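Visitor: Below you'll find the structure I mean.
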Amino acid sequence: MIRIDQLTKAYGHGPDAVTVLDKLDFAVDRGEIFAVVGPSGAGKSTLTQCINLLERPTSGSIVVNGQELSSLPERQLREARRRIGTVFQSASLFSRRTAAQNIAMPLEYLGVEPRETKARVAELLERVGLGHRAGHYPHQLSGGQRQRVGIARALALRPSVLLSDEATSGLDPETTRSVVALLRELRDDLDLAVVFITHEMDTVLQVADSVAKLEHGRIVESGRLVDLLTDHGSALGRALQPQLDPAPPADGARPWQVTYDSRNVPQDWLQRVSQELGEPAALLAATIQNVNGVSTGKATVGLHAASPDLVRDTFARLGLRAEPGSGRPDAGAQDTAREDAPATLEHAL
Ligand SMILES: Nc1ncnc2c1ncn2[C@@H]1O[C@H](COP(=O)(O)OP(=O)(O)OP(=O)(O)O)[C@@H](O)[C@H]1O
């Protein structure tokens, strides 16, 4: 496992010092993928460089399998780096070396016997599904295949931590999915602790077990992905959900924003809502994902039902949170005003 304690990185000195990472704390267990997301300038690259020990932290520590690495003297630091394999953004292979030769590089640097290197490279190529591409040069490989070579190279020295630095950035959605599937497979088979640094929120949904949001060098929110996605109060959970573009509701109906607010939402919630409210609920938009065996998501539903409290309660009993309105920033006030009078009236009747 890897544990980051109070990690701080400042550039410059005295009054000119700029703190880029400010007392970060997190831990990633074996068999866990921990995603770090954040906007441009949040400090992701700096964090990457500190974790793979290319930059020394100003203070704080990086502990891998119980050993503090960041303050080791230079020679021991070189050795310690082997415990952390890094996968870089796609174009990081040596263009004049074949896939097999790229993967062999870390082993050659270490002076591993050629025969042993050959066997290990063959094993790694098979492991990432590229046994038939050993002799291909990077320009003869697709983006996804190049990334698989990068992953194999990162695993050459049998690290216990895999650091993925924007590894899927610039890949098309299909290729991203296959790289993500490989990382999840490796997490399980090799019991790796994976730190997955990215600016792509949609990839986090596919890959992460846990996630932290970095903003101005601080972790502003973090947690298990499933917990964040099933907590309507989580800003990070909301930001991780894909945006919806709902169809307009039928005349006289109003849209309700529905979010999964529990791990136990029944699959037939739409039917149940319709039954309990005595009217068909119209599905105007929805995104539902299976995240580590739990359904999470959100939807927009059109309803005529007049009592907001009744609607909210009906959804709440099913583990869903419902709020009226189209979701358009300027629509909420009008929607509420329109709804209150008839709602109260109908409730009273
Ligand atoms: N060597 C340096 N000296 C001074 N400031 C630096 C240095 N490296 C990075 N910074 C500053 O640290 C902040 C974080 O930069 P960093 O590159 O880590 O962010 P990032 O989240 O990776 O951004 P991006 O997604 O755009 O690559 C920025 O404000 C940047 O200007």
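All residue names refer to the structure tokens as shown: chains lettered A, B, ... in order, residues numbered from 1 in each chain, ligands numbered from 1 in order.
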I'd like a table as JSON lines: residues in chain A with an atom no more than 7 Å from ligand 1, each row giving the shortest atom pair and its distance in Å to one decimal, only C-alpha atoms and all ligand atoms counted, sorted by chain and rising residue number.

Guide:
{"residue": "A:Tyr11", "atom": "CA", "partner": "ligand 1", "partner_atom_place_in_ligand_line": "4 (C)", "distance": 5.0}
{"residue": "A:Gly12", "atom": "CA", "partner": "ligand 1", "partner_atom_place_in_ligand_line": "4 (C)", "distance": 6.8}
{"residue": "A:Val18", "atom": "CA", "partner": "ligand 1", "partner_atom_place_in_ligand_line": "5 (N)", "distance": 6.6}
{"residue": "A:Val20", "atom": "CA", "partner": "ligand 1", "partner_atom_place_in_ligand_line": "12 (O)", "distance": 4.8}
{"residue": "A:Gly38", "atom": "CA", "partner": "ligand 1", "partner_atom_place_in_ligand_line": "21 (O)", "distance": 6.2}
{"residue": "A:Pro39", "atom": "CA", "partner": "ligand 1", "partner_atom_place_in_ligand_line": "21 (O)", "distance": 5.9}
{"residue": "A:Ser40", "atom": "CA", "partner": "ligand 1", "partner_atom_place_in_ligand_line": "26 (O)", "distance": 3.5}
{"residue": "A:Gly41", "atom": "CA", "partner": "ligand 1", "partner_atom_place_in_ligand_line": "19 (O)", "distance": 3.5}
{"residue": "A:Ala42", "atom": "CA", "partner": "ligand 1", "partner_atom_place_in_ligand_line": "21 (O)", "distance": 3.8}
{"residue": "A:Gly43", "atom": "CA", "partner": "ligand 1", "partner_atom_place_in_ligand_line": "18 (O)", "distance": 3.2}
{"residue": "A:Lys44", "atom": "CA", "partner": "ligand 1", "partner_atom_place_in_ligand_line": "21 (O)", "distance": 3.8}
{"residue": "A:Ser45", "atom": "CA", "partner": "ligand 1", "partner_atom_place_in_ligand_line": "22 (O)", "distance": 3.6}
{"residue": "A:Thr46", "atom": "CA", "partner": "ligand 1", "partner_atom_place_in_ligand_line": "18 (O)", "distance": 3.8}
{"residue": "A:Leu47", "atom": "CA", "partner": "ligand 1", "partner_atom_place_in_ligand_line": "18 (O)", "distance": 6.5}
{"residue": "A:His199", "atom": "CA", "partner": "ligand 1", "partner_atom_place_in_ligand_line": "25 (O)", "distance": 6.6}

Visitor: Write the residues of the preceding selection, restricted to C-alpha atoms, as an mmCIF file, in the first residue's frame.

Guide:
data_model
loop_
_atom_site.group_PDB
_atom_site.id
_atom_site.type_symbol
_atom_site.label_atom_id
_atom_site.label_comp_id
_atom_site.auth_asym_id
_atom_site.auth_seq_id
_atom_site.Cartn_x
_atom_site.Cartn_y
_atom_site.Cartn_z
ATOM 1 C CA TYR A 11 8.485 26.114 -5.144
ATOM 2 C CA GLY A 12 10.756 29.096 -4.510
ATOM 3 C CA VAL A 18 4.442 29.190 -3.848
ATOM 4 C CA VAL A 20 1.552 23.930 -4.857
ATOM 5 C CA GLY A 38 -8.692 18.176 -10.515
ATOM 6 C CA PRO A 39 -8.761 21.081 -12.918
ATOM 7 C CA SER A 40 -5.730 22.440 -14.721
ATOM 8 C CA GLY A 41 -3.253 23.930 -12.269
ATOM 9 C CA ALA A 42 -4.641 22.025 -9.265
ATOM 10 C CA GLY A 43 -1.280 20.328 -8.685
ATOM 11 C CA LYS A 44 -1.768 16.930 -10.333
ATOM 12 C CA SER A 45 1.580 16.874 -12.181
ATOM 13 C CA THR A 46 3.405 18.011 -9.070
ATOM 14 C CA LEU A 47 1.733 15.251 -7.079
ATOM 15 C CA HIS A 199 -8.667 15.399 -15.437
#

Visitor: Among range 7-253 of chain A, which ones does DSSP place in strand (DSSP E), written as a PyMOL selection string?

Guide: chain A and resi 7-11+18-28+32-37+59-64+67-68+84-87+161-165+193-198+210-215+218-224

Visitor: So which residues touch Ala193 in chain A within 12 Å, counting only C-alpha atoms, skipping near sequence neighbours fewer than 3 positions away, as an NGL selection string?

Guide: :A and (1-3 or 27-35 or 64-65 or 83-86 or 159-164 or 183-184 or 186-190 or 196 or 208-210)

Visitor: Using C-alpha atoms, can you export the residues from the last selection as a PDB file, in the first residue's frame?

Guide:
ATOM      1  CA  MET A   1       0.000   0.000   0.000  1.00  0.00           C
ATOM      2  CA  ILE A   2       0.987   3.625  -0.347  1.00  0.00           C
ATOM      3  CA  ARG A   3       0.330   6.290   2.239  1.00  0.00           C
ATOM      4  CA  ALA A  27      -3.796   6.083   1.513  1.00  0.00           C
ATOM      5  CA  VAL A  28      -4.285   3.508  -1.210  1.00  0.00           C
ATOM      6  CA  ASP A  29      -4.557  -0.152  -0.253  1.00  0.00           C
ATOM      7  CA  ARG A  30      -3.393  -3.106  -2.286  1.00  0.00           C
ATOM      8  CA  GLY A  31      -6.127  -4.028  -4.730  1.00  0.00           C
ATOM      9  CA  GLU A  32      -7.513  -0.480  -4.814  1.00  0.00           C
ATOM     10  CA  ILE A  33      -7.653   2.141  -7.571  1.00  0.00           C
ATOM     11  CA  PHE A  34      -7.568   5.640  -6.126  1.00  0.00           C
ATOM     12  CA  ALA A  35      -8.309   8.404  -8.622  1.00  0.00           C
ATOM     13  CA  VAL A  64       5.229   2.391   0.552  1.00  0.00           C
ATOM     14  CA  ASN A  65       4.660  -0.919   2.315  1.00  0.00           C
ATOM     15  CA  ARG A  83       8.414  -0.120  -6.072  1.00  0.00           C
ATOM     16  CA  ILE A  84       6.444   2.462  -7.989  1.00  0.00           C
ATOM     17  CA  GLY A  85       5.774   1.847 -11.693  1.00  0.00           C
ATOM     18  CA  THR A  86       4.585   4.834 -13.708  1.00  0.00           C
ATOM     19  CA  PRO A 159       6.181  -2.717  -8.388  1.00  0.00           C
ATOM     20  CA  SER A 160       3.568  -2.793  -5.668  1.00  0.00           C
ATOM     21  CA  VAL A 161       2.266   0.662  -6.615  1.00  0.00           C
ATOM     22  CA  LEU A 162       1.219   1.673 -10.129  1.00  0.00           C
ATOM     23  CA  LEU A 163       1.027   5.383 -10.792  1.00  0.00           C
ATOM     24  CA  SER A 164      -1.059   6.288 -13.820  1.00  0.00           C
ATOM     25  CA  LEU A 183      -5.858  -1.687 -15.185  1.00  0.00           C
ATOM     26  CA  ARG A 184      -8.719  -3.181 -13.175  1.00  0.00           C
ATOM     27  CA  LEU A 186      -4.042  -5.943 -13.073  1.00  0.00           C
ATOM     28  CA  ARG A 187      -5.245  -4.401  -9.826  1.00  0.00           C
ATOM     29  CA  ASP A 188      -6.914  -7.712  -8.998  1.00  0.00           C
ATOM     30  CA  ASP A 189      -4.374 -10.171 -10.398  1.00  0.00           C
ATOM     31  CA  LEU A 190      -1.264  -8.434  -9.062  1.00  0.00           C
ATOM     32  CA  PHE A 196      -4.859   7.150 -11.155  1.00  0.00           C
ATOM     33  CA  ALA A 208     -11.964   4.118  -9.531  1.00  0.00           C
ATOM     34  CA  ASP A 209     -12.710   2.466  -6.223  1.00  0.00           C
ATOM     35  CA  SER A 210     -12.030   5.731  -4.394  1.00  0.00           C
TER      36      SER A 210
END

Visitor: Mind checking which residues fall within 12 Å of range 171-173 of chain A, counting only C-alpha atoms, ignoring those fewer than 3 positions away in the same chain, and posting them as a ChimeraX atom specification?

Guide: /A:89-91,142-147,166-168,176-180,200,202-203,206

Visitor: Between A:Val37, A:Leu21, A:Val311, A:Ala156, single out the one closest to Gln49 in chain A, counting only C-alpha atoms.

Guide: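 Looking at the shortest contact to Gln49 in chain A, the residue is A:Leu21.
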
Visitor: Determine, counting only C-alpha atoms, which protein, DNA and RNA residues have an atom within 9 Å of an atom of Arg321 in chain A; residues of the same chain fewer than 4 positions away are not included. Present the result as a ChimeraX atom specification.

Guide: /A:232,257-261,312-313,315-316

Visitor: Could you name the residues that touch Asn292 in chain A at 8 Å or less, counting only C-alpha atoms, but leaving out those on the same chain fewer than 2 positions away, as a list in words?

Guide: Asp209, Val226, Asn290 and Val294 of chain A

Visitor: Please provide as an MDAnalysis selection string all residues within 12 Å of Ala10 in chain A, with the sequence filter that same-chain residues fewer than 5 positions apart are discarded (counting only C-alpha atoms).

Guide: chainID A and resid 15:23 43 46:47 50 55:60 217

Visitor: Would you please work out which residue, of A:Ala152, A:Leu283, A:Leu277, A:Val112, is nearest to Ala100 in chain A when using only C-alpha atoms?

Guide: A:Ala152

Visitor: What is the distance, in Å and to one decimal place, between CA of Ile4 in chain A and CA of Gln67 in chain A?

Guide: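 Separating CA of Ile4 in chain A from CA of Gln67 in chain A is a distance of 11.5 Å.
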
Visitor: Figure out the distance between CA of Gln6 in chain A and CA of Leu192 in chain A, please, to one decimal in Å.

Guide: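 One can read the CA of Leu192 in chain A to CA of Gln6 in chain A distance as 22.9 Å.
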
Visitor: From the DSSP assignment of the backbone, select every residue of range 12-221 of chain A that is helix (DSSP H, G or I), and format the answer as a PyMOL selection string.

Guide: chain A and resi 14-16+44-51+74-83+99-109+114-127+131-133+138-140+143-155+173-190+201-207
